[in-house]
$ cat run.cif   # mmCIF, C-alpha atoms
data_protein
#
loop_
_atom_site.label_atom_id
_atom_site.label_comp_id
_atom_site.auth_asym_id
_atom_site.auth_seq_id
_atom_site.Cartn_x
_atom_site.Cartn_y
_atom_site.Cartn_z
CA MET A 1247 191.09 77.58 113.43
CA SER A 1248 190.66 81.18 114.48
CA PHE A 1249 189.19 82.14 117.83
CA LEU A 1250 188.21 85.60 116.60
CA LYS A 1251 184.79 84.28 115.67
CA LYS A 1252 184.25 82.91 119.16
CA SER A 1253 184.99 86.05 121.12
CA PRO A 1254 184.32 89.25 119.19
CA TRP A 1255 184.50 92.16 121.60
CA ILE A 1256 182.64 95.26 120.51
CA ILE A 1257 182.99 98.96 121.08
CA HIS A 1258 179.95 101.08 120.50
CA TYR A 1259 180.06 104.75 119.53
CA ASP A 1260 177.06 107.00 119.19
CA GLY A 1261 177.76 109.53 116.39
CA SER A 1262 174.87 111.95 116.19
CA SER A 1263 172.23 109.32 116.49
CA CYS A 1264 168.76 110.08 117.86
CA ASN A 1265 169.43 107.25 120.37
CA GLY A 1266 166.94 104.95 118.65
CA CYS A 1267 169.61 102.66 117.17
CA ASP A 1268 171.69 103.19 120.28
CA ILE A 1269 169.07 101.70 122.53
CA GLU A 1270 168.62 98.80 120.13
CA VAL A 1271 172.38 98.05 120.37
CA LEU A 1272 172.13 97.97 124.13
CA ALA A 1273 168.97 95.88 123.86
CA CYS A 1274 171.15 93.13 122.36
CA LEU A 1275 172.88 92.82 125.74
CA THR A 1276 169.66 92.35 127.69
CA PRO A 1277 168.35 88.94 128.82
CA LEU A 1278 166.00 88.71 125.81
CA TYR A 1279 168.78 88.70 123.17
CA ASP A 1280 171.85 88.07 125.37
CA ILE A 1281 174.67 88.34 122.82
CA GLU A 1282 177.16 87.19 125.47
CA ARG A 1283 175.98 83.70 124.42
CA PHE A 1284 178.27 84.15 121.40
CA GLY A 1285 181.13 85.49 123.52
CA ILE A 1286 180.36 89.07 122.53
CA ILE A 1287 181.32 91.62 125.18
CA ASN A 1288 180.70 95.35 125.09
CA THR A 1289 184.15 96.56 126.11
CA GLY A 1290 184.00 100.35 125.97
CA ASN A 1291 187.75 100.36 125.30
CA PRO A 1292 188.99 100.59 121.69
CA LYS A 1293 192.24 98.79 122.52
CA HIS A 1294 190.33 95.67 123.59
CA ALA A 1295 187.76 95.74 120.80
CA ASP A 1296 187.47 93.80 117.52
CA VAL A 1297 184.20 95.19 116.17
CA PHE A 1298 183.40 98.89 115.98
CA LEU A 1299 179.66 99.64 115.96
CA ILE A 1300 178.67 103.18 115.01
CA THR A 1301 175.17 104.60 115.12
CA GLY A 1302 174.21 107.99 113.71
CA THR A 1303 175.78 110.28 111.15
CA ILE A 1304 179.29 111.64 111.11
CA ASN A 1305 179.37 115.39 111.66
CA GLU A 1306 182.13 117.97 111.75
CA GLN A 1307 182.56 117.59 115.49
CA ASN A 1308 182.76 113.83 115.91
CA VAL A 1309 184.87 113.06 112.85
CA GLU A 1310 188.06 113.32 114.92
CA VAL A 1311 186.64 111.11 117.64
CA VAL A 1312 185.69 108.39 115.16
CA HIS A 1313 189.15 108.54 113.57
CA ASN A 1314 190.75 108.32 116.98
CA ILE A 1315 188.74 105.28 118.10
CA TYR A 1316 189.32 103.53 114.78
CA ASN A 1317 193.08 104.11 114.90
CA GLN A 1318 193.34 102.87 118.49
CA MET A 1319 191.78 99.49 117.67
CA PRO A 1320 194.39 96.80 117.10
CA ASP A 1321 194.24 94.79 113.85
CA PRO A 1322 192.33 92.75 112.72
CA LYS A 1323 189.21 94.88 113.16
CA VAL A 1324 185.90 95.51 111.43
CA VAL A 1325 183.50 98.43 111.34
CA ALA A 1326 179.73 98.08 111.22
CA ALA A 1327 177.50 101.07 110.43
CA ILE A 1328 174.22 100.62 112.29
CA GLY A 1329 171.04 102.37 111.21
CA ILE A 1330 170.23 104.33 108.08
CA CYS A 1331 171.96 107.49 109.38
CA ALA A 1332 175.24 105.65 109.81
CA THR A 1333 175.01 103.86 106.47
CA SER A 1334 174.20 106.89 104.28
CA GLY A 1335 173.37 109.94 106.39
CA GLY A 1336 169.65 109.19 106.21
CA ILE A 1337 167.33 112.17 106.51
CA PHE A 1338 170.18 114.26 107.95
CA ARG A 1339 172.32 113.82 104.82
CA GLU A 1340 171.69 117.36 103.57
CA CYS A 1341 172.20 119.05 106.96
CA TYR A 1342 174.82 121.81 107.01
CA ASN A 1343 176.82 120.18 109.80
CA VAL A 1344 176.62 116.56 108.61
CA LYS A 1345 179.33 114.91 106.54
CA GLY A 1346 177.23 111.85 105.73
CA GLY A 1347 177.50 108.16 106.57
CA VAL A 1348 180.38 106.54 108.42
CA ASP A 1349 182.09 105.56 105.14
CA THR A 1350 182.91 109.23 104.50
CA THR A 1351 185.41 108.97 107.36
CA ILE A 1352 186.60 105.39 107.91
CA PRO A 1353 186.26 102.18 105.85
CA VAL A 1354 183.01 100.37 106.67
CA ASP A 1355 182.74 96.58 106.30
CA ILE A 1356 179.10 95.95 107.13
CA TYR A 1357 176.06 98.15 106.58
CA ILE A 1358 173.02 97.43 108.74
CA PRO A 1359 170.14 99.68 107.58
CA GLY A 1360 166.93 100.36 109.49
CA CYS A 1361 165.24 103.13 111.44
CA ALA A 1362 165.60 102.10 114.12
CA VAL A 1363 167.44 98.84 113.49
CA ARG A 1364 165.91 95.80 115.11
CA PRO A 1365 168.17 93.87 117.52
CA GLU A 1366 167.82 90.79 115.28
CA ALA A 1367 169.28 92.80 112.38
CA ILE A 1368 172.17 93.99 114.57
CA ILE A 1369 172.98 90.44 115.65
CA ASP A 1370 172.75 89.31 112.01
CA GLY A 1371 175.08 92.15 110.99
CA VAL A 1372 177.62 91.39 113.72
CA VAL A 1373 177.64 87.72 112.69
CA ALA A 1374 178.25 88.81 109.07
CA ALA A 1375 181.03 91.09 110.34
CA LEU A 1376 182.71 88.06 111.92
CA GLY A 1377 183.13 86.53 108.45
CA VAL A 1378 184.91 89.70 107.32
CA LEU A 1379 187.00 89.68 110.52
CA GLU A 1380 188.10 86.13 109.77
CA LYS A 1381 189.19 87.09 106.23
CA LYS A 1382 191.11 90.09 107.56
CA ALA A 1383 192.87 87.90 110.12
CA GLU A 1384 193.95 85.53 107.34
CA ALA A 1385 195.18 88.44 105.22
CA LEU A 1386 197.15 89.74 108.22
CA LYS A 1387 198.71 86.31 108.72
CA ALA A 1388 199.65 86.08 105.03
CA MET A 1389 201.19 89.54 105.22
CA LYS A 1390 203.22 88.53 108.29
CA ALA A 1391 204.39 85.33 106.57
CA SER A 1392 205.55 87.17 103.46
CA ALA A 1393 207.27 89.96 105.40
CA MET B 276 210.56 64.77 144.22
CA LYS B 277 207.09 65.38 145.59
CA THR B 278 207.81 69.11 145.78
CA ALA B 279 208.88 69.20 142.13
CA LEU B 280 205.73 67.33 141.17
CA CYS B 281 203.57 69.83 143.06
CA VAL B 282 205.29 72.76 141.31
CA VAL B 283 204.84 71.21 137.85
CA ALA B 284 201.19 70.41 138.60
CA TRP B 285 200.63 74.01 139.71
CA VAL B 286 202.28 75.54 136.64
CA VAL B 287 200.43 73.27 134.20
CA LEU B 288 197.03 72.78 135.84
CA ALA B 289 196.37 76.14 137.52
CA PRO B 290 195.57 78.08 134.31
CA PHE B 291 193.07 75.39 133.29
CA ILE B 292 191.35 75.40 136.68
CA GLY B 293 191.47 79.21 136.78
CA GLY B 294 190.01 79.47 133.27
CA LEU B 295 187.23 77.04 134.12
CA LEU B 296 186.51 79.00 137.31
CA ALA B 297 186.28 82.18 135.22
CA GLY B 298 183.97 80.43 132.72
CA ALA B 299 181.73 79.10 135.50
CA ASP B 300 181.75 82.59 137.01
CA ARG B 301 180.46 84.09 133.77
CA ILE B 302 177.71 81.46 133.39
CA ILE B 303 176.56 81.82 137.02
CA THR B 304 176.64 85.62 136.68
CA ALA B 305 174.52 85.38 133.51
CA ARG B 306 172.01 83.07 135.23
CA MET B 307 171.76 85.51 138.14
CA GLN B 308 170.80 88.18 135.57
CA SER B 309 168.36 85.71 133.91
CA ARG B 310 170.56 85.38 130.83
CA VAL B 311 171.96 82.21 129.28
CA GLY B 312 175.58 83.28 129.29
CA PRO B 313 178.62 82.24 127.27
CA PRO B 314 179.98 78.69 126.91
CA LEU B 315 182.09 77.31 129.78
CA PHE B 316 185.30 77.57 127.73
CA GLN B 317 184.71 81.21 126.76
CA PRO B 318 187.67 82.58 128.80
CA PHE B 319 189.99 80.25 126.86
CA TYR B 320 188.55 81.43 123.53
CA ASP B 321 189.09 85.04 124.65
CA VAL B 322 192.71 84.47 125.61
CA LEU B 323 193.51 82.49 122.44
CA LYS B 324 191.93 85.24 120.37
CA LEU B 325 193.98 87.90 122.16
CA PHE B 326 197.19 86.05 121.30
CA GLY B 327 196.19 86.34 117.62
CA LYS B 328 195.62 90.09 117.79
CA ARG B 329 198.20 92.75 117.16
CA GLY B 330 199.43 94.48 120.29
CA VAL B 331 199.43 98.24 120.57
CA VAL B 332 202.31 99.38 122.76
CA VAL B 333 202.61 102.87 124.20
CA ASN B 334 205.69 102.39 126.37
CA GLY B 335 208.36 99.82 125.46
CA TYR B 336 208.45 98.41 128.98
CA GLN B 337 204.74 97.99 129.66
CA ASN B 338 204.54 94.41 128.40
CA PHE B 339 207.76 93.47 130.19
CA TYR B 340 206.18 94.49 133.52
CA MET B 341 203.19 92.28 132.82
CA ILE B 342 205.45 89.32 132.03
CA CYS B 343 207.10 89.96 135.43
CA PHE B 344 203.62 90.04 136.99
CA LEU B 345 202.87 86.62 135.51
CA ALA B 346 206.28 85.27 136.53
CA PHE B 347 205.89 86.38 140.16
CA VAL B 348 202.34 85.07 140.44
CA VAL B 349 203.61 81.70 139.17
CA VAL B 350 206.54 81.78 141.63
CA THR B 351 204.17 82.69 144.48
CA GLY B 352 201.89 79.79 143.65
CA ALA B 353 204.87 77.45 143.34
CA LEU B 354 205.99 78.47 146.86
CA PHE B 355 202.49 77.93 148.19
CA PHE B 356 201.64 74.64 146.51
CA SER B 357 205.03 73.09 147.21
CA GLY B 358 204.29 73.58 150.93
CA GLY B 359 206.61 76.54 151.42
CA ASP B 360 206.62 79.45 153.81
CA LEU B 361 203.28 81.25 154.03
CA LEU B 362 204.83 84.64 154.82
CA LEU B 363 207.20 84.39 151.87
CA THR B 364 204.20 83.53 149.67
CA ILE B 365 202.37 86.67 150.78
CA PHE B 366 205.42 88.86 150.16
CA ALA B 367 206.00 87.34 146.71
CA LEU B 368 202.34 88.00 145.90
CA THR B 369 202.91 91.64 146.89
CA VAL B 370 205.85 91.87 144.49
CA ALA B 371 203.59 90.54 141.72
CA GLY B 372 201.03 93.21 142.59
CA VAL B 373 203.73 95.90 142.49
CA PHE B 374 204.72 94.80 138.97
CA PHE B 375 201.09 94.99 137.91
CA ALA B 376 200.87 98.55 139.25
CA LEU B 377 204.18 99.49 137.58
CA GLY B 378 202.91 98.13 134.28
CA ALA B 379 199.73 100.15 134.64
CA TYR B 380 201.73 103.30 135.46
CA SER B 381 204.09 102.99 132.50
CA PRO B 382 201.83 103.94 129.54
CA ASN B 383 201.09 107.33 131.15
CA SER B 384 197.44 107.25 130.20
CA PRO B 385 195.11 108.92 132.72
CA TYR B 386 192.83 105.89 132.96
CA SER B 387 195.57 103.38 133.57
CA ASN B 388 197.33 105.78 135.98
CA ILE B 389 194.19 106.04 138.09
CA GLY B 390 193.89 102.27 137.85
CA ALA B 391 197.46 101.86 139.09
CA GLU B 392 196.90 104.23 142.01
CA ARG B 393 193.77 102.38 142.99
CA GLU B 394 195.64 99.09 142.70
CA LEU B 395 198.18 100.36 145.24
CA LEU B 396 195.37 101.50 147.55
CA GLN B 397 193.78 98.08 147.24
CA MET B 398 197.07 96.44 148.16
CA MET B 399 197.19 98.70 151.20
CA SER B 400 193.70 97.51 152.15
CA TYR B 401 194.19 93.76 151.81
CA GLU B 402 197.83 93.29 152.91
CA PRO B 403 197.17 93.57 156.69
CA VAL B 404 194.46 90.92 156.58
CA LEU B 405 196.70 88.55 154.58
CA ILE B 406 199.40 88.94 157.24
CA ILE B 407 196.82 88.48 160.03
CA ALA B 408 195.62 85.28 158.30
CA ALA B 409 199.16 83.91 158.09
CA LEU B 410 199.84 84.93 161.70
CA GLY B 411 196.63 83.27 162.88
CA MET B 412 197.56 80.02 161.12
CA PHE B 413 201.01 80.21 162.71
CA MET B 414 199.61 80.76 166.20
CA VAL B 415 197.36 77.72 165.92
CA THR B 416 199.65 75.28 164.09
CA LYS B 417 203.03 76.65 165.34
CA SER B 418 204.40 76.64 161.79
CA TRP B 419 204.67 79.09 158.89
CA HIS B 420 204.90 76.24 156.40
CA VAL B 421 201.96 75.30 154.24
CA HIS B 422 202.69 71.56 154.46
CA ASP B 423 202.53 71.69 158.29
CA ILE B 424 199.29 73.67 158.16
CA LEU B 425 197.88 71.09 155.73
CA ALA B 426 198.93 68.29 158.10
CA PHE B 427 197.18 69.97 161.06
CA GLN B 428 194.44 67.54 162.07
CA LYS B 429 191.90 69.93 163.66
CA PRO B 430 189.80 72.31 161.54
CA LEU B 431 191.59 75.69 161.43
CA PHE B 432 188.28 77.41 160.71
CA VAL B 433 187.05 76.67 164.26
CA PHE B 434 190.08 78.45 165.72
CA LEU B 435 190.03 81.34 163.25
CA PRO B 436 186.41 82.22 162.38
CA GLY B 437 187.05 85.97 162.59
CA VAL B 438 190.20 85.76 160.52
CA PHE B 439 188.34 83.66 157.93
CA LEU B 440 185.53 86.22 157.63
CA ALA B 441 188.08 89.04 157.29
CA PHE B 442 189.84 86.96 154.61
CA LEU B 443 186.53 86.49 152.74
CA PHE B 444 186.08 90.27 152.84
CA ILE B 445 189.44 90.98 151.21
CA LEU B 446 188.94 88.07 148.81
CA THR B 447 186.46 90.32 146.99
CA ILE B 448 189.25 92.88 146.52
CA LYS B 449 191.77 90.27 145.41
CA LEU B 450 189.36 88.64 142.94
CA ARG B 451 188.69 92.12 141.50
CA LYS B 452 184.96 91.85 141.99
CA SER B 453 182.31 94.44 142.78
CA PRO B 454 182.03 96.35 145.10
CA PHE B 455 185.85 96.52 145.09
CA ASP B 456 186.69 96.29 141.36
CA LEU B 457 188.26 99.73 141.62
CA SER B 458 191.45 99.26 139.63
CA THR B 459 190.18 97.22 136.66
CA SER B 460 186.47 97.65 136.21
CA HIS B 461 184.82 94.53 134.90
CA HIS B 462 182.18 96.16 132.78
CA GLY B 463 182.63 98.71 130.06
CA HIS B 464 181.28 102.26 129.93
CA GLN B 465 182.50 103.26 133.32
CA GLU B 466 184.42 106.18 134.69
CA LEU B 467 187.85 104.66 134.25
CA VAL B 468 187.20 102.58 131.09
CA LYS B 469 189.18 99.44 132.01
CA GLY B 470 191.43 101.03 134.61
CA ALA B 471 194.85 99.47 134.93
CA THR B 472 194.39 97.25 131.85
CA THR B 473 193.10 100.02 129.55
CA GLU B 474 196.36 100.41 127.62
CA PHE B 475 197.07 96.70 127.19
CA SER B 476 195.99 94.84 124.07
CA GLY B 477 196.73 91.62 122.25
CA SER B 478 199.07 89.16 123.94
CA ALA B 479 199.83 91.48 126.89
CA LEU B 480 196.16 91.47 127.83
CA ALA B 481 196.12 87.69 127.44
CA ILE B 482 199.08 87.45 129.85
CA ILE B 483 197.24 89.61 132.41
CA GLU B 484 194.19 87.37 132.07
CA ILE B 485 196.27 84.20 132.59
CA SER B 486 197.97 85.78 135.63
CA HIS B 487 194.55 86.45 137.13
CA TRP B 488 193.61 82.81 136.63
CA TYR B 489 196.75 81.76 138.48
CA GLU B 490 196.03 84.30 141.22
CA ASN B 491 192.45 83.11 141.66
CA VAL B 492 193.54 79.49 142.05
CA LEU B 493 196.14 80.58 144.60
CA LEU B 494 193.49 82.48 146.59
CA MET B 495 191.21 79.46 146.53
CA GLY B 496 194.20 77.55 147.92
CA PHE B 497 194.21 79.99 150.84
CA VAL B 498 190.51 79.28 151.46
CA TYR B 499 191.30 75.55 151.29
CA LEU B 500 193.87 75.93 154.10
CA PHE B 501 191.18 77.03 156.56
CA PHE B 502 189.37 73.69 156.08
CA ALA B 503 192.37 71.49 155.30
CA PHE B 504 191.52 68.84 157.94
CA ASN B 505 189.17 67.14 155.48
CA TRP B 506 189.55 67.60 151.71
CA VAL B 507 185.86 67.05 150.90
CA VAL B 508 184.80 69.77 153.33
CA ALA B 509 187.62 71.99 152.06
CA ILE B 510 186.61 71.74 148.40
CA PHE B 511 182.98 72.32 149.35
CA ALA B 512 184.06 75.43 151.29
CA VAL B 513 186.06 76.71 148.32
CA VAL B 514 183.07 76.31 145.99
CA VAL B 515 180.71 78.01 148.45
CA ALA B 516 183.19 80.88 148.99
CA TYR B 517 183.48 81.41 145.22
CA ILE B 518 179.71 81.41 144.72
CA VAL B 519 179.28 83.88 147.60
CA GLU B 520 181.84 86.15 145.90
CA ILE B 521 179.88 85.95 142.62
CA LEU B 522 176.66 86.78 144.47
CA VAL B 523 178.32 89.80 146.10
CA ASP B 524 179.74 90.81 142.71
CA ASN B 525 176.24 90.86 141.22
CA THR B 526 174.43 92.59 144.06
CA TYR B 527 176.69 95.55 144.80
CA ALA B 528 177.66 98.64 142.85
CA ARG B 529 181.26 99.81 143.02
CA LEU B 530 182.34 101.64 146.17
CA THR B 531 184.94 104.38 146.52
CA TRP B 532 188.57 103.76 147.42
CA ARG B 533 188.09 105.57 150.74
CA PHE B 534 185.40 103.12 151.75
CA THR B 535 187.52 100.21 150.53
CA VAL B 536 190.53 101.14 152.65
CA LYS B 537 188.48 102.07 155.71
CA SER B 538 186.14 99.09 155.65
CA SER B 539 188.83 96.49 155.02
CA TRP B 540 190.99 97.90 157.83
CA ILE B 541 188.02 98.08 160.21
CA VAL B 542 186.74 94.59 159.33
CA GLY B 543 190.26 93.15 159.30
CA GLY B 544 191.15 95.00 162.49
CA ILE B 545 188.10 94.01 164.49
CA LEU B 546 187.48 90.46 163.26
CA GLY B 547 191.11 89.54 162.68
CA VAL B 548 192.89 91.11 165.64
CA VAL B 549 190.20 90.14 168.19
CA ASN B 550 190.42 86.60 166.89
CA LEU B 551 194.22 86.66 167.25
CA PHE B 552 193.95 87.89 170.88
CA VAL B 553 191.50 85.13 171.73
CA ILE B 554 193.81 82.56 170.13
CA ALA B 555 196.78 83.96 172.03
CA PHE B 556 194.99 83.34 175.34
CA LEU B 557 193.39 80.03 174.45
CA VAL B 558 196.10 78.18 172.52
CA LYS B 559 199.18 77.86 174.65
#
$ encode --input "run.cif" --output "C-alpha cells"
Amino acid sequence: MSFLKKSPWIIHYDGSSCNGCDIEVLACLTPLYDIERFGIINTGNPKHADVFLITGTINEQNVEVVHNIYNQMPDPKVVAAIGICATSGGIFRECYNVKGGVDTTIPVDIYIPGCAVRPEAIIDGVVAALGVLEKKAEALKAMKASA
Amino acid sequence: MKTALCVVAWVVLAPFIGGLLAGADRIITARMQSRVGPPLFQPFYDVLKLFGKRGVVVNGYQNFYMICFLAFVVVTGALFFSGGDLLLTIFALTVAGVFFALGAYSPNSPYSNIGAERELLQMMSYEPVLIIAALGMFMVTKSWHVHDILAFQKPLFVFLPGVFLAFLFILTIKLRKSPFDLSTSHHGHQELVKGATTEFSGSALAIIEISHWYENVLLMGFVYLFFAFNWVVAIFAVVVAYIVEILVDNTYARLTWRFTVKSSWIVGGILGVVNLFVIAFLVK
C-alpha cells in the first residue's frame, strides 16, 4: 500500500492569474473546507511537494519559474492546472505576452476548469490527481525493479 | 540488564510516542483554529510517504550529516533514559544540534544557510538554561545522574520553580514552535521557505522528522524529571506542558533572532540564576 495518497503535500504557484483561482486555492485551507483532514499540507517548497497546483496562464516571464519549480520537485509528482486560464489560456489566450495554458510548458496531469474554480472542484481535482500520483509511483517502482 | 532494557525501549518506543505526540499536536492545533485536522497517525503517513519519494541531493554529504543528527539524538536519549549523566546528555544533544546545522549549511542554498545560522543562534539561546537546569538538579539532589534524580523523593519542582519556568521558555525553542521557529518555519510561504530543511527531500527529510520525534520525547523526559517524585503527577505535568507549548505556538507570530537570544538569556538569567542562588543558601 502506498502512503502517497494519505499525505499529498502541495505547492501552489500563481502564474498570471487574476487572483480569483488563487484565493479559492487558499480557501481550501480554511476551516470551512480544511483539506488538512486528508493530510494535505501547503508546503511552499518544491522539494517537499508532491502536487503542483498552478493558477493563471503561462507568459514569457514566468515560463522559467514554472520550469524551475517543476524540475525541483522529486518524483513521483503530478501537476494540476487550476482555472480556465491555466487549462487553456482562457480569455488571455490571444494576448501578445501569453504562451497559453500550463501544458505549453510542462506536462499537466489534471485539468480543473472554472472561472473562478470552486473549492469543491479543486478538492475533487486534487483527489483525482492522487490516483495519477499512485500510478506514477507504481511506474517508478517498476522502473527501479527493472533497472 | 535493566540499563540495556531501558535503551532498547527508548530506541524502539520513542519514535512511536514522538509520532503520536506530533499527531496529537496537529489535531489540537487544528481544533484551536476551529478545523477538524488530520488523523492521529498522519505524521507516520507523512514519514512513510517520504521514504517512498526520490531524494534530491545537492551536496553528497548533506544526508550523511542528517544520519549523524539522528544517531546523536538516539545516543543522547539512550544516555538519558538509561539513567546516565545529565551533563553528558546535554553535551551530546549539542553535538546532535551541530550536525543538524552542518547538514543545513552543506547544500549552500541561501534559505538553508540562513536556517543553519539561526539554528546556531538558537543553540546559543537555549544552552545556558539547559546547563542551569542540570546544575539546579545537581544542587538539590547532589548527583548528576538521572537515576539518582529519579530516585529523589521530594518534588524537584518545589526547589526549582524558576529553573522550571526558564526551561519551559526554552522548550518552545527546542520544540521548534512559534514564536521561536526561526530555523525551520512550520508553515509554508514564509521568508525562509522551510529554513534549515529546505534542501532536504525524500528519505533525508523523513530522517529529520524521526530525529525530531526522538528529540521531543527526550525533552518531555526532562520535564518529567522536575516532577519525578510521583509518576502520575509527572505525566500530568508533561501533558500540560505540551498543551501550553501548542497554545503558545498558535497564539504568537514568529519573533526575530535578536529577541530570541536576548529574551532567553534574560529569562534564563533572572529566573534560573536567582533560583540557583536561593538553592545554594537554602540547601546545605
$ residues_around --input "run.cif" --residues "A:Tyr1259" --least-positions-apart "4" --cutoff "9 Å" --atoms "all atoms listed in the file" --output "number ranges by chain"
A: 1268, 1290, 1298-1302, 1312, 1315
$ write_last_selection --input "run.cif" --atoms "C-alpha atoms" --output "PDB file, in the coordinates of the input"
ATOM      1  CA  ASP A1268     171.690 103.190 120.280  1.00  0.00           C
ATOM      2  CA  GLY A1290     184.000 100.350 125.970  1.00  0.00           C
ATOM      3  CA  PHE A1298     183.400  98.890 115.980  1.00  0.00           C
ATOM      4  CA  LEU A1299     179.660  99.640 115.960  1.00  0.00           C
ATOM      5  CA  ILE A1300     178.670 103.180 115.010  1.00  0.00           C
ATOM      6  CA  THR A1301     175.170 104.600 115.120  1.00  0.00           C
ATOM      7  CA  GLY A1302     174.210 107.990 113.710  1.00  0.00           C
ATOM      8  CA  VAL A1312     185.690 108.390 115.160  1.00  0.00           C
ATOM      9  CA  ILE A1315     188.740 105.280 118.100  1.00  0.00           C
TER      10      ILE A1315
END
$ closest_residue --input "run.cif" --among "B:Phe534, B:Leu522, B:Leu425, B:Met414" --to "B:Met307" --atoms "only C-alpha atoms"
B:Leu522
$ closest_residue --input "run.cif" --among "A:Gly1261, A:Pro1292, A:Pro1365, A:Gly1346" --to "chain B" --atoms "only C-alpha atoms"
A:Pro1292
$ interface_residues --input "run.cif" --of "chain B" --to "chain A" --cutoff "10 Å" --atoms "only C-alpha atoms" --output "PyMOL selection string"
chain B and resi 301-302+305-306+308-314+316-331+461-465+467-469+472-477+480
$ atom_distance --input "run.cif" --atom1 "atom CA of B:Ala297" --atom2 "atom CA of B:Leu450"
10.5 Å
$ resolve_selection --input "run.cif" --expression "the PyMOL selection byres ((chain B and resi 505) around 12)" --output "PDB file with C-alpha atoms, keeping the file's coordinate frame"
ATOM      1  CA  LEU B 425     197.880  71.090 155.730  1.00  0.00           C
ATOM      2  CA  ALA B 426     198.930  68.290 158.100  1.00  0.00           C
ATOM      3  CA  PHE B 427     197.180  69.970 161.060  1.00  0.00           C
ATOM      4  CA  GLN B 428     194.440  67.540 162.070  1.00  0.00           C
ATOM      5  CA  LYS B 429     191.900  69.930 163.660  1.00  0.00           C
ATOM      6  CA  PRO B 430     189.800  72.310 161.540  1.00  0.00           C
ATOM      7  CA  LEU B 431     191.590  75.690 161.430  1.00  0.00           C
ATOM      8  CA  PHE B 432     188.280  77.410 160.710  1.00  0.00           C
ATOM      9  CA  TYR B 499     191.300  75.550 151.290  1.00  0.00           C
ATOM     10  CA  LEU B 500     193.870  75.930 154.100  1.00  0.00           C
ATOM     11  CA  PHE B 501     191.180  77.030 156.560  1.00  0.00           C
ATOM     12  CA  PHE B 502     189.370  73.690 156.080  1.00  0.00           C
ATOM     13  CA  ALA B 503     192.370  71.490 155.300  1.00  0.00           C
ATOM     14  CA  PHE B 504     191.520  68.840 157.940  1.00  0.00           C
ATOM     15  CA  TRP B 506     189.550  67.600 151.710  1.00  0.00           C
ATOM     16  CA  VAL B 507     185.860  67.050 150.900  1.00  0.00           C
ATOM     17  CA  VAL B 508     184.800  69.770 153.330  1.00  0.00           C
ATOM     18  CA  ALA B 509     187.620  71.990 152.060  1.00  0.00           C
ATOM     19  CA  ILE B 510     186.610  71.740 148.400  1.00  0.00           C
ATOM     20  CA  PHE B 511     182.980  72.320 149.350  1.00  0.00           C
ATOM     21  CA  ALA B 512     184.060  75.430 151.290  1.00  0.00           C
TER      22      ALA B 512
END
$ residues_around --input "run.cif" --residues "B:Val558" --least-positions-apart "5" --cutoff "12 Å" --atoms "all atoms listed in the file" --output "PyMOL selection string"
chain B and resi 411-417+434-435+550-553
$ write_last_selection --input "run.cif" --atoms "C-alpha atoms" --output "compact mmCIF listing (two decimals), in the frame of the given file"
# COMPACT_ATOMS: atom_id res chain seq x y z
CA GLY B 411 196.63 83.27 162.88
CA MET B 412 197.56 80.02 161.12
CA PHE B 413 201.01 80.21 162.71
CA MET B 414 199.61 80.76 166.20
CA VAL B 415 197.36 77.72 165.92
CA THR B 416 199.65 75.28 164.09
CA LYS B 417 203.03 76.65 165.34
CA PHE B 434 190.08 78.45 165.72
CA LEU B 435 190.03 81.34 163.25
CA ASN B 550 190.42 86.60 166.89
CA LEU B 551 194.22 86.66 167.25
CA PHE B 552 193.95 87.89 170.88
CA VAL B 553 191.50 85.13 171.73
$ atom_distance --input "run.cif" --atom1 "atom CA of B:Phe375" --atom2 "atom CA of B:Gly544"
26.5 Å
$ residues_around --input "run.cif" --residues "A:Ser1262" --least-positions-apart "6" --cutoff "9 Å" --atoms "all atoms listed in the file" --output "compact mmCIF listing (two decimals) with C-alpha atoms, in the frame of the given file"
# COMPACT_ATOMS: atom_id res chain seq x y z
CA THR A 1301 175.17 104.60 115.12
CA GLY A 1302 174.21 107.99 113.71
CA THR A 1303 175.78 110.28 111.15
CA ILE A 1304 179.29 111.64 111.11
CA ASN A 1305 179.37 115.39 111.66
CA ASN A 1308 182.76 113.83 115.91
CA CYS A 1331 171.96 107.49 109.38
CA ALA A 1332 175.24 105.65 109.81
$ build_atoms --input "run.cif" --residues "stretch 1277-1285 of chain A" --atoms "N, CA and C atoms" --output "CSV table (one decimal), in the coordinates of the input"
chain,number,residue,atom,x,y,z
A,1277,PRO,N,168.7,90.4,128.7
A,1277,PRO,CA,168.4,88.9,128.8
A,1277,PRO,C,167.6,88.4,127.6
A,1278,LEU,N,166.8,89.2,126.9
A,1278,LEU,CA,166.0,88.7,125.8
A,1278,LEU,C,166.9,88.3,124.7
A,1279,TYR,N,167.9,89.0,124.3
A,1279,TYR,CA,168.8,88.7,123.2
A,1279,TYR,C,170.1,88.1,123.6
A,1280,ASP,N,170.7,88.6,124.7
A,1280,ASP,CA,171.8,88.1,125.4
A,1280,ASP,C,173.0,87.7,124.4
A,1281,ILE,N,173.6,88.7,123.8
A,1281,ILE,CA,174.7,88.3,122.8
A,1281,ILE,C,175.9,87.8,123.5
A,1282,GLU,N,176.0,87.8,124.8
A,1282,GLU,CA,177.2,87.2,125.5
A,1282,GLU,C,177.2,85.7,125.2
A,1283,ARG,N,176.0,85.1,124.8
A,1283,ARG,CA,176.0,83.7,124.4
A,1283,ARG,C,177.0,83.4,123.4
A,1284,PHE,N,177.3,84.4,122.5
A,1284,PHE,CA,178.3,84.2,121.4
A,1284,PHE,C,179.6,84.7,121.8
A,1285,GLY,N,179.8,85.0,123.1
A,1285,GLY,CA,181.1,85.5,123.5
A,1285,GLY,C,181.3,87.0,123.3
